[in-house]
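Pasting target.cif here (mmCIF, C-alpha atoms and all ligand atoms):
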data_coords
#
loop_
_atom_site.group_PDB
_atom_site.id
_atom_site.type_symbol
_atom_site.label_atom_id
_atom_site.label_comp_id
_atom_site.auth_asym_id
_atom_site.auth_seq_id
_atom_site.Cartn_x
_atom_site.Cartn_y
_atom_site.Cartn_z
ATOM 1 C CA MET A 52 14.642 -19.335 1.014
ATOM 2 C CA ASN A 53 18.173 -18.770 2.276
ATOM 3 C CA ASN A 54 18.584 -15.000 2.368
ATOM 4 C CA THR A 55 22.203 -14.533 3.294
ATOM 5 C CA THR A 56 23.968 -12.539 0.614
ATOM 6 C CA LEU A 57 27.042 -14.634 1.352
ATOM 7 C CA ALA A 58 25.321 -17.540 -0.345
ATOM 8 C CA PRO A 59 25.503 -18.090 -4.100
ATOM 9 C CA LEU A 60 22.382 -17.095 -6.018
ATOM 10 C CA ILE A 61 20.861 -19.729 -8.282
ATOM 11 C CA VAL A 62 18.276 -18.425 -10.750
ATOM 12 C CA GLY A 63 15.656 -20.753 -12.216
ATOM 13 C CA ILE A 64 13.923 -20.071 -15.528
ATOM 14 C CA GLY A 65 11.262 -22.360 -16.927
ATOM 15 C CA GLY A 66 7.906 -24.069 -16.805
ATOM 16 C CA THR A 67 4.785 -23.895 -18.934
ATOM 17 C CA VAL A 68 1.463 -22.077 -18.603
ATOM 18 C CA ARG A 69 -0.381 -25.297 -17.800
ATOM 19 C CA THR A 70 -1.721 -25.382 -14.232
ATOM 20 C CA GLY A 71 0.409 -27.869 -12.308
ATOM 21 C CA SER A 72 3.067 -27.840 -15.033
ATOM 22 C CA ALA A 73 5.425 -30.794 -14.610
ATOM 23 C CA THR A 74 8.261 -28.671 -15.999
ATOM 24 C CA GLU A 75 7.685 -26.029 -13.354
ATOM 25 C CA VAL A 76 7.475 -28.601 -10.564
ATOM 26 C CA ALA A 77 10.701 -30.199 -11.829
ATOM 27 C CA LEU A 78 12.443 -26.818 -11.805
ATOM 28 C CA LYS A 79 11.253 -26.135 -8.266
ATOM 29 C CA VAL A 80 12.564 -29.511 -7.048
ATOM 30 C CA ALA A 81 16.019 -28.716 -8.443
ATOM 31 C CA LEU A 82 15.996 -25.201 -6.964
ATOM 32 C CA HIS A 83 14.880 -26.561 -3.609
ATOM 33 C CA ALA A 84 17.803 -28.996 -3.586
ATOM 34 C CA ALA A 85 20.202 -26.082 -4.192
ATOM 35 C CA GLU A 86 18.487 -24.109 -1.439
ATOM 36 C CA MET A 87 18.793 -27.020 1.008
ATOM 37 C CA ARG A 88 22.549 -26.950 0.420
ATOM 38 C CA GLY A 89 22.733 -23.236 1.200
ATOM 39 C CA ALA A 90 21.941 -21.362 -2.010
ATOM 40 C CA ARG A 91 19.717 -18.340 -2.377
ATOM 41 C CA THR A 92 17.245 -18.999 -5.174
ATOM 42 C CA MET A 93 14.985 -16.989 -7.402
ATOM 43 C CA GLY A 94 12.588 -18.329 -10.025
ATOM 44 C CA PHE A 95 10.878 -17.125 -13.176
ATOM 45 C CA PHE A 96 8.059 -19.581 -13.861
ATOM 46 C CA GLY A 97 5.230 -20.103 -16.369
ATOM 47 C CA SER A 98 3.114 -17.120 -15.282
ATOM 48 C CA ASP A 99 6.172 -14.842 -15.538
ATOM 49 C CA LEU A 100 7.214 -16.239 -18.908
ATOM 50 C CA THR A 101 3.863 -15.343 -20.495
ATOM 51 C CA ARG A 102 4.693 -11.693 -19.785
ATOM 52 C CA LEU A 103 8.187 -11.929 -21.260
ATOM 53 C CA GLY A 104 7.639 -12.222 -25.019
ATOM 54 C CA TYR A 105 10.907 -10.920 -26.425
ATOM 55 C CA TYR A 106 10.849 -7.300 -27.555
ATOM 56 C CA PRO A 107 14.218 -5.578 -27.926
ATOM 57 C CA SER A 108 12.508 -2.332 -26.818
ATOM 58 C CA ASP A 109 11.154 -2.081 -23.292
ATOM 59 C CA GLN A 110 7.727 -3.691 -23.567
ATOM 60 C CA ALA A 111 8.245 -6.296 -20.852
ATOM 61 C CA GLY A 112 8.964 -3.488 -18.338
ATOM 62 C CA ALA A 113 9.663 -4.232 -14.689
ATOM 63 C CA LEU A 114 9.651 -7.991 -15.138
ATOM 64 C CA ARG A 115 12.323 -7.734 -17.820
ATOM 65 C CA GLN A 116 14.417 -5.569 -15.488
ATOM 66 C CA SER A 117 13.970 -8.071 -12.703
ATOM 67 C CA LEU A 118 14.932 -11.001 -14.952
ATOM 68 C CA VAL A 119 17.996 -9.273 -16.368
ATOM 69 C CA SER A 120 19.134 -8.095 -12.898
ATOM 70 C CA ALA A 121 18.781 -11.643 -11.600
ATOM 71 C CA ILE A 122 20.782 -12.988 -14.552
ATOM 72 C CA ARG A 123 23.529 -10.451 -13.885
ATOM 73 C CA GLU A 124 23.690 -11.302 -10.192
ATOM 74 C CA ALA A 125 23.350 -15.070 -10.546
ATOM 75 C CA ASP A 126 26.130 -17.491 -9.667
ATOM 76 C CA GLY A 127 24.354 -20.363 -11.386
ATOM 77 C CA PHE A 128 21.188 -21.260 -13.260
ATOM 78 C CA VAL A 129 18.642 -23.994 -13.687
ATOM 79 C CA ILE A 130 16.693 -23.880 -16.952
ATOM 80 C CA ALA A 131 13.682 -26.138 -17.495
ATOM 81 C CA SER A 132 11.800 -26.400 -20.772
ATOM 82 C CA PRO A 133 9.033 -28.657 -21.984
ATOM 83 C CA ALA A 134 9.717 -30.429 -25.268
ATOM 84 C CA TYR A 135 7.488 -28.654 -27.785
ATOM 85 C CA HIS A 136 7.664 -30.169 -31.257
ATOM 86 C CA GLY A 137 11.019 -31.688 -30.435
ATOM 87 C CA SER A 138 12.666 -28.595 -28.979
ATOM 88 C CA VAL A 139 12.660 -25.761 -26.442
ATOM 89 C CA SER A 140 9.297 -23.994 -26.028
ATOM 90 C CA GLY A 141 8.853 -20.495 -27.405
ATOM 91 C CA LEU A 142 8.029 -19.127 -23.947
ATOM 92 C CA VAL A 143 11.272 -20.373 -22.417
ATOM 93 C CA LYS A 144 13.301 -19.253 -25.429
ATOM 94 C CA ASN A 145 11.724 -15.774 -25.345
ATOM 95 C CA ALA A 146 12.785 -15.369 -21.719
ATOM 96 C CA LEU A 147 16.304 -16.610 -22.512
ATOM 97 C CA ASP A 148 16.523 -14.104 -25.365
ATOM 98 C CA TYR A 149 16.632 -11.325 -22.752
ATOM 99 C CA ILE A 150 20.088 -12.592 -21.792
ATOM 100 C CA GLU A 151 21.137 -10.564 -24.840
ATOM 101 C CA ASP A 152 20.695 -7.461 -22.642
ATOM 102 C CA THR A 153 23.938 -8.485 -20.890
ATOM 103 C CA ALA A 154 25.969 -8.696 -24.117
ATOM 104 C CA SER A 155 28.109 -5.638 -23.299
ATOM 105 C CA ASP A 156 28.583 -6.459 -19.614
ATOM 106 C CA VAL A 157 32.030 -7.233 -18.180
ATOM 107 C CA ARG A 158 30.589 -10.693 -17.506
ATOM 108 C CA PRO A 159 28.269 -11.142 -20.489
ATOM 109 C CA TYR A 160 25.567 -13.765 -21.019
ATOM 110 C CA LEU A 161 25.903 -16.824 -18.745
ATOM 111 C CA ASN A 162 29.670 -16.471 -18.838
ATOM 112 C CA ASP A 163 31.600 -18.676 -16.442
ATOM 113 C CA ARG A 164 28.555 -19.989 -14.598
ATOM 114 C CA PRO A 165 27.017 -23.456 -14.233
ATOM 115 C CA VAL A 166 23.680 -24.197 -15.855
ATOM 116 C CA GLY A 167 21.553 -27.181 -14.875
ATOM 117 C CA LEU A 168 19.198 -28.320 -17.632
ATOM 118 C CA ILE A 169 15.858 -30.091 -17.407
ATOM 119 C CA THR A 170 13.341 -31.101 -20.009
ATOM 120 C CA CYS A 171 9.918 -32.717 -19.742
ATOM 121 C CA ALA A 172 8.330 -34.462 -22.728
ATOM 122 C CA PHE A 173 5.317 -36.700 -23.206
ATOM 123 C CA GLY A 174 7.461 -39.489 -24.663
ATOM 124 C CA TRP A 175 11.124 -40.415 -25.060
ATOM 125 C CA GLN A 176 11.918 -39.104 -28.518
ATOM 126 C CA ALA A 177 11.845 -35.353 -27.830
ATOM 127 C CA ILE A 178 13.817 -35.562 -24.589
ATOM 128 C CA GLY A 179 17.214 -35.958 -26.278
ATOM 129 C CA SER A 180 16.658 -33.262 -28.904
ATOM 130 C CA THR A 181 15.341 -30.737 -26.369
ATOM 131 C CA LEU A 182 18.145 -31.386 -23.888
ATOM 132 C CA ALA A 183 20.652 -31.037 -26.750
ATOM 133 C CA ALA A 184 19.023 -27.732 -27.771
ATOM 134 C CA LEU A 185 19.268 -26.450 -24.188
ATOM 135 C CA ARG A 186 22.939 -27.455 -24.092
ATOM 136 C CA SER A 187 23.580 -25.667 -27.414
ATOM 137 C CA ILE A 188 21.904 -22.515 -26.089
ATOM 138 C CA THR A 189 23.987 -22.707 -22.906
ATOM 139 C CA HIS A 190 27.197 -23.094 -24.906
ATOM 140 C CA ALA A 191 26.205 -20.195 -27.183
ATOM 141 C CA LEU A 192 25.773 -18.088 -24.056
ATOM 142 C CA ARG A 193 29.154 -19.166 -22.613
ATOM 143 C CA GLY A 194 27.646 -21.088 -19.727
ATOM 144 C CA TRP A 195 28.803 -24.446 -18.375
ATOM 145 C CA PRO A 196 26.110 -27.110 -18.662
ATOM 146 C CA THR A 197 26.369 -29.351 -15.611
ATOM 147 C CA PRO A 198 27.550 -32.906 -16.321
ATOM 148 C CA PHE A 199 24.130 -34.282 -15.444
ATOM 149 C CA GLY A 200 21.021 -33.097 -17.294
ATOM 150 C CA VAL A 201 17.517 -34.389 -16.622
ATOM 151 C CA GLY A 202 15.053 -35.620 -19.241
ATOM 152 C CA LEU A 203 11.702 -36.755 -17.886
ATOM 153 C CA ASN A 204 8.952 -38.633 -19.694
ATOM 154 C CA THR A 205 5.760 -37.283 -18.162
ATOM 155 C CA SER A 206 3.610 -39.942 -19.870
ATOM 156 C CA GLU A 207 4.951 -42.237 -17.145
ATOM 157 C CA ARG A 208 2.863 -40.353 -14.543
ATOM 158 C CA ILE A 209 5.740 -39.200 -12.402
ATOM 159 C CA PHE A 210 4.019 -35.979 -11.305
ATOM 160 C CA ALA A 211 0.794 -35.620 -9.323
ATOM 161 C CA ASP A 212 -0.794 -32.823 -7.270
ATOM 162 C CA GLY A 213 2.085 -30.424 -7.853
ATOM 163 C CA GLN A 214 4.707 -32.948 -6.702
ATOM 164 C CA CYS A 215 7.257 -35.198 -8.345
ATOM 165 C CA THR A 216 6.073 -38.589 -7.119
ATOM 166 C CA ASP A 217 8.820 -40.737 -8.619
ATOM 167 C CA ALA A 218 11.846 -41.235 -6.356
ATOM 168 C CA LYS A 219 14.307 -41.744 -9.218
ATOM 169 C CA ALA A 220 13.151 -38.650 -11.140
ATOM 170 C CA LYS A 221 13.216 -36.603 -7.938
ATOM 171 C CA SER A 222 16.747 -37.677 -7.117
ATOM 172 C CA GLN A 223 17.865 -36.755 -10.657
ATOM 173 C CA LEU A 224 16.351 -33.287 -10.282
ATOM 174 C CA GLU A 225 18.028 -32.914 -6.891
ATOM 175 C CA LEU A 226 21.332 -33.983 -8.415
ATOM 176 C CA VAL A 227 21.129 -31.228 -11.032
ATOM 177 C CA GLY A 228 20.335 -28.626 -8.357
ATOM 178 C CA THR A 229 23.232 -29.930 -6.271
ATOM 179 C CA GLN A 230 25.703 -29.890 -9.173
ATOM 180 C CA VAL A 231 24.798 -26.282 -9.986
ATOM 181 C CA PHE A 232 25.179 -25.313 -6.342
ATOM 182 C CA GLU A 233 28.534 -27.075 -5.943
ATOM 183 C CA PHE A 234 30.064 -25.578 -9.070
ATOM 184 C CA ALA A 235 28.647 -22.131 -8.221
ATOM 185 C CA SER A 236 29.932 -22.328 -4.628
ATOM 186 C CA THR A 237 33.461 -23.175 -5.720
ATOM 187 C CA ARG A 238 33.617 -20.208 -8.061
ATOM 188 C CA PHE A 239 31.770 -17.986 -5.580
ATOM 189 C CA GLU A 240 34.317 -18.736 -2.822
ATOM 190 C CA HIS A 241 37.180 -18.321 -5.270
ATOM 191 C CA SER A 242 35.995 -14.870 -6.441
ATOM 192 C CA ASN A 243 35.313 -13.772 -2.826
ATOM 193 C CA LYS A 244 38.885 -14.765 -1.902
ATOM 194 C CA ARG A 245 40.216 -12.882 -4.911
ATOM 195 C CA GLY A 246 38.110 -9.849 -3.883
ATOM 196 C CA ALA A 247 39.470 -10.014 -0.315
ATOM 197 C CA ALA A 248 43.131 -10.334 -1.401
HETATM 198 C C1 LIG B 1 2.605 -27.267 -28.310
HETATM 199 C C2 LIG B 1 3.044 -28.561 -27.698
HETATM 200 C C3 LIG B 1 3.985 -29.319 -28.335
HETATM 201 C C4 LIG B 1 4.443 -30.520 -27.768
HETATM 202 N N1 LIG B 1 5.365 -31.259 -28.433
HETATM 203 C C5 LIG B 1 5.802 -32.406 -27.866
HETATM 204 C C6 LIG B 1 6.776 -33.198 -28.547
HETATM 205 O O1 LIG B 1 7.250 -32.876 -29.614
HETATM 206 N N2 LIG B 1 7.162 -34.345 -27.945
HETATM 207 C C7 LIG B 1 6.688 -34.745 -26.730
HETATM 208 O O2 LIG B 1 7.096 -35.790 -26.225
HETATM 209 N N3 LIG B 1 5.783 -34.004 -26.056
HETATM 210 C C8 LIG B 1 5.323 -32.854 -26.617
HETATM 211 N N4 LIG B 1 4.411 -32.090 -25.944
HETATM 212 C C9 LIG B 1 4.025 -32.492 -24.590
HETATM 213 C C10 LIG B 1 4.863 -31.776 -23.522
HETATM 214 O O3 LIG B 1 6.238 -31.808 -23.792
HETATM 215 C C11 LIG B 1 4.659 -32.460 -22.182
HETATM 216 O O4 LIG B 1 3.318 -32.363 -21.815
HETATM 217 C C12 LIG B 1 5.602 -31.962 -21.108
HETATM 218 O O5 LIG B 1 5.580 -32.911 -20.088
HETATM 219 C C13 LIG B 1 5.285 -30.566 -20.566
HETATM 220 O O6 LIG B 1 4.330 -30.657 -19.563
HETATM 221 P P1 LIG B 1 3.916 -29.506 -18.549
HETATM 222 O O7 LIG B 1 3.058 -28.517 -19.272
HETATM 223 O O8 LIG B 1 3.150 -30.272 -17.519
HETATM 224 O O9 LIG B 1 5.146 -28.871 -17.994
HETATM 225 C C14 LIG B 1 3.929 -30.923 -26.509
HETATM 226 C C15 LIG B 1 2.960 -30.139 -25.859
HETATM 227 C C16 LIG B 1 2.523 -28.968 -26.442
HETATM 228 C C17 LIG B 1 1.497 -28.135 -25.724
#
Take the structure in this file and express it as structure tokens.
Amino acid sequence: MNNTTLAPLIVGIGGTVRTGSATEVALKVALHAAEMRGARTMGFFGSDLTRLGYYPSDQAGALRQSLVSAIREADGFVIASPAYHGSVSGLVKNALDYIEDTASDVRPYLNDRPVGLITCAFGWQAIGSTLAALRSITHALRGWPTPFGVGLNTSERIFADGQCTDAKAKSQLELVGTQVFEFASTRFEHSNKRGAA
């Protein structure tokens, strides 16, 4: 992890509870690509998401605080959801619902920040609908979906032993991480210059 606070922070949210989740591995590949280019990264993965069922009152405690603080601080995001019944999984959506905590902030929701989107499905059909749902959520939250989004068909055995073993899929995931980093860096430098002026 790149720890310099002068680097943009990219926050990843996603995965499933399945051990060795392809969605979680995919998210980590994209975050790693951003990190290799100089980003700081932070991730909320499957085991975190199980503890984040959405309650408007404070039942998710410290983890909720940590998620919402990360969202507030973030310069960019990568969100990765499995396709569950043709759409975003409940676990991922529950975590995203906490973005509502930022509604009254000066910079609410995902405002003005890039969002890389990834979906994993066990077939082709649900990839398009889930990616479209993630893009709709991002637009609703005033984020900027990156031009490239990744849809992966895990029935093609492109993940094994906690790794993405397919060169093309891996390069697509890296591209999303890179696009988030590049967009975030441009805005990060711009706002630092404005702050210094
Ligand atoms: C509740 C549930 C619903 C699912 N619905 C779909 C679906 O509609 N279409 C599809 O292609 N795959 C579906 N899948 C398969 C997952 O999308 C697929 O396994 C994906 O790669 C997530 O894998 P992961 O748990 O390894 O991250 C479903 C899986 C579960 C558990």
Atomic separation - atom CA of A:Ser117 relative to atom CA of A:Tyr135, Å: 26.3 Å
Hits from the PyMOL selection byres (((not hetatm)) within 7 of (chain B and resi 1)), listed as a VMD selection string: chain A and resid 66 to 69 71 to 75 133 to 138 171 to 178 204 to 205
Separation of atom CA of A:Val166 from atom CA of A:Gln116, in Å and rounded to one decimal: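 Atom CA of A:Val166 sits 20.8 Å away from atom CA of A:Gln116.
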Within 10 Å of A:Phe234 using all atoms listed in the file, minus same-chain residues under 6 positions, as number ranges by chain: A: 126-127, 164-166, 195, 197
Store the residues picked out above in a file with C-alpha atoms, as a PDB file, in the coordinates of the input.
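This went into part34.pdb:
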ATOM      1  CA  ASP A 126      26.130 -17.491  -9.667  1.00  0.00           C
ATOM      2  CA  GLY A 127      24.354 -20.363 -11.386  1.00  0.00           C
ATOM      3  CA  ARG A 164      28.555 -19.989 -14.598  1.00  0.00           C
ATOM      4  CA  PRO A 165      27.017 -23.456 -14.233  1.00  0.00           C
ATOM      5  CA  VAL A 166      23.680 -24.197 -15.855  1.00  0.00           C
ATOM      6  CA  TRP A 195      28.803 -24.446 -18.375  1.00  0.00           C
ATOM      7  CA  THR A 197      26.369 -29.351 -15.611  1.00  0.00           C
TER       8      THR A 197
END
Kindly list the centre and edge lengths in Å, rounded to one decimal, for the axis-aligned box that covers all listed atoms of stretch 143-148 of chain A plus 4 Å on each of its six sides, as JSON.
{"center_x": 13.9, "center_y": -17.2, "center_z": -23.6, "size_x": 13.3, "size_y": 14.3, "size_z": 11.7}
Residue members of the PyMOL selection byres (((chain A and resi 58) around 10) and not hetatm) in the file shown, as a VMD selection string: chain A and resid 53 to 57 59 to 61 86 88 to 92 126 232 235 to 236 239 to 240
Just-selected residues, C-alpha atoms written as an mmCIF file, in the frame of the given file:
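Writing the result to selection_35.cif gives the following:
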data_model
loop_
_atom_site.group_PDB
_atom_site.id
_atom_site.type_symbol
_atom_site.label_atom_id
_atom_site.label_comp_id
_atom_site.auth_asym_id
_atom_site.auth_seq_id
_atom_site.Cartn_x
_atom_site.Cartn_y
_atom_site.Cartn_z
ATOM 1 C CA ASN A 53 18.173 -18.770 2.276
ATOM 2 C CA ASN A 54 18.584 -15.000 2.368
ATOM 3 C CA THR A 55 22.203 -14.533 3.294
ATOM 4 C CA THR A 56 23.968 -12.539 0.614
ATOM 5 C CA LEU A 57 27.042 -14.634 1.352
ATOM 6 C CA PRO A 59 25.503 -18.090 -4.100
ATOM 7 C CA LEU A 60 22.382 -17.095 -6.018
ATOM 8 C CA ILE A 61 20.861 -19.729 -8.282
ATOM 9 C CA GLU A 86 18.487 -24.109 -1.439
ATOM 10 C CA ARG A 88 22.549 -26.950 0.420
ATOM 11 C CA GLY A 89 22.733 -23.236 1.200
ATOM 12 C CA ALA A 90 21.941 -21.362 -2.010
ATOM 13 C CA ARG A 91 19.717 -18.340 -2.377
ATOM 14 C CA THR A 92 17.245 -18.999 -5.174
ATOM 15 C CA ASP A 126 26.130 -17.491 -9.667
ATOM 16 C CA PHE A 232 25.179 -25.313 -6.342
ATOM 17 C CA ALA A 235 28.647 -22.131 -8.221
ATOM 18 C CA SER A 236 29.932 -22.328 -4.628
ATOM 19 C CA PHE A 239 31.770 -17.986 -5.580
ATOM 20 C CA GLU A 240 34.317 -18.736 -2.822
#
Best match for closeness to A:Ile169 among A:Gln223, A:Ser98, A:Ser187, A:Ser206, counting only C-alpha atoms: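 Nearest to A:Ile169: A:Gln223.
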Top pick for closest residue to A:Gly97, considering A:Val76, A:Gly194, A:Val139, A:Ala85 and counting only C-alpha atoms: A:Val76
Output check: residues returned by the PyMOL selection byres (((chain A and resi 121) around 12) and not hetatm), as a VMD selection string: chain A and resid 59 to 64 91 to 95 114 to 120 122 to 128 149 to 150 152 to 153 160 to 161
Near-A:Gly228 list (7 Å; only C-alpha atoms; drop same-chain fewer than 4 positions) as a list in words: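 The filter keeps Ala81, Leu82, Ala84, Ala85, Gly167, Leu224 and Phe232 of chain A.
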Option closest in space to A:Asp148, from A:Ala191, A:Ala113, A:Leu168, A:Leu182 [counting only C-alpha atoms]: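 Smallest separation from A:Asp148 among the options: A:Ala191.
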Residue nearest A:Ser132 - candidates A:Thr229, A:Ser155, A:Asn162, A:Thr170, atoms counted: only C-alpha atoms: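 Among the listed residues, the smallest separation from A:Ser132 belongs to A:Thr170.
For the set A:Ala77, A:Gly202, A:Asp163, A:Arg238, the residue with the smallest atom-to-atom gap to A:Ser180 is A:Gly202, counting only C-alpha atoms.
One finds atom CA of A:Leu203 at 7.2 Å from atom CA of A:Ala220.
Nearest residue to A:Gly104 among A:Val143, A:Leu226, A:Val231, A:Ile130 is A:Val143, counting only C-alpha atoms.
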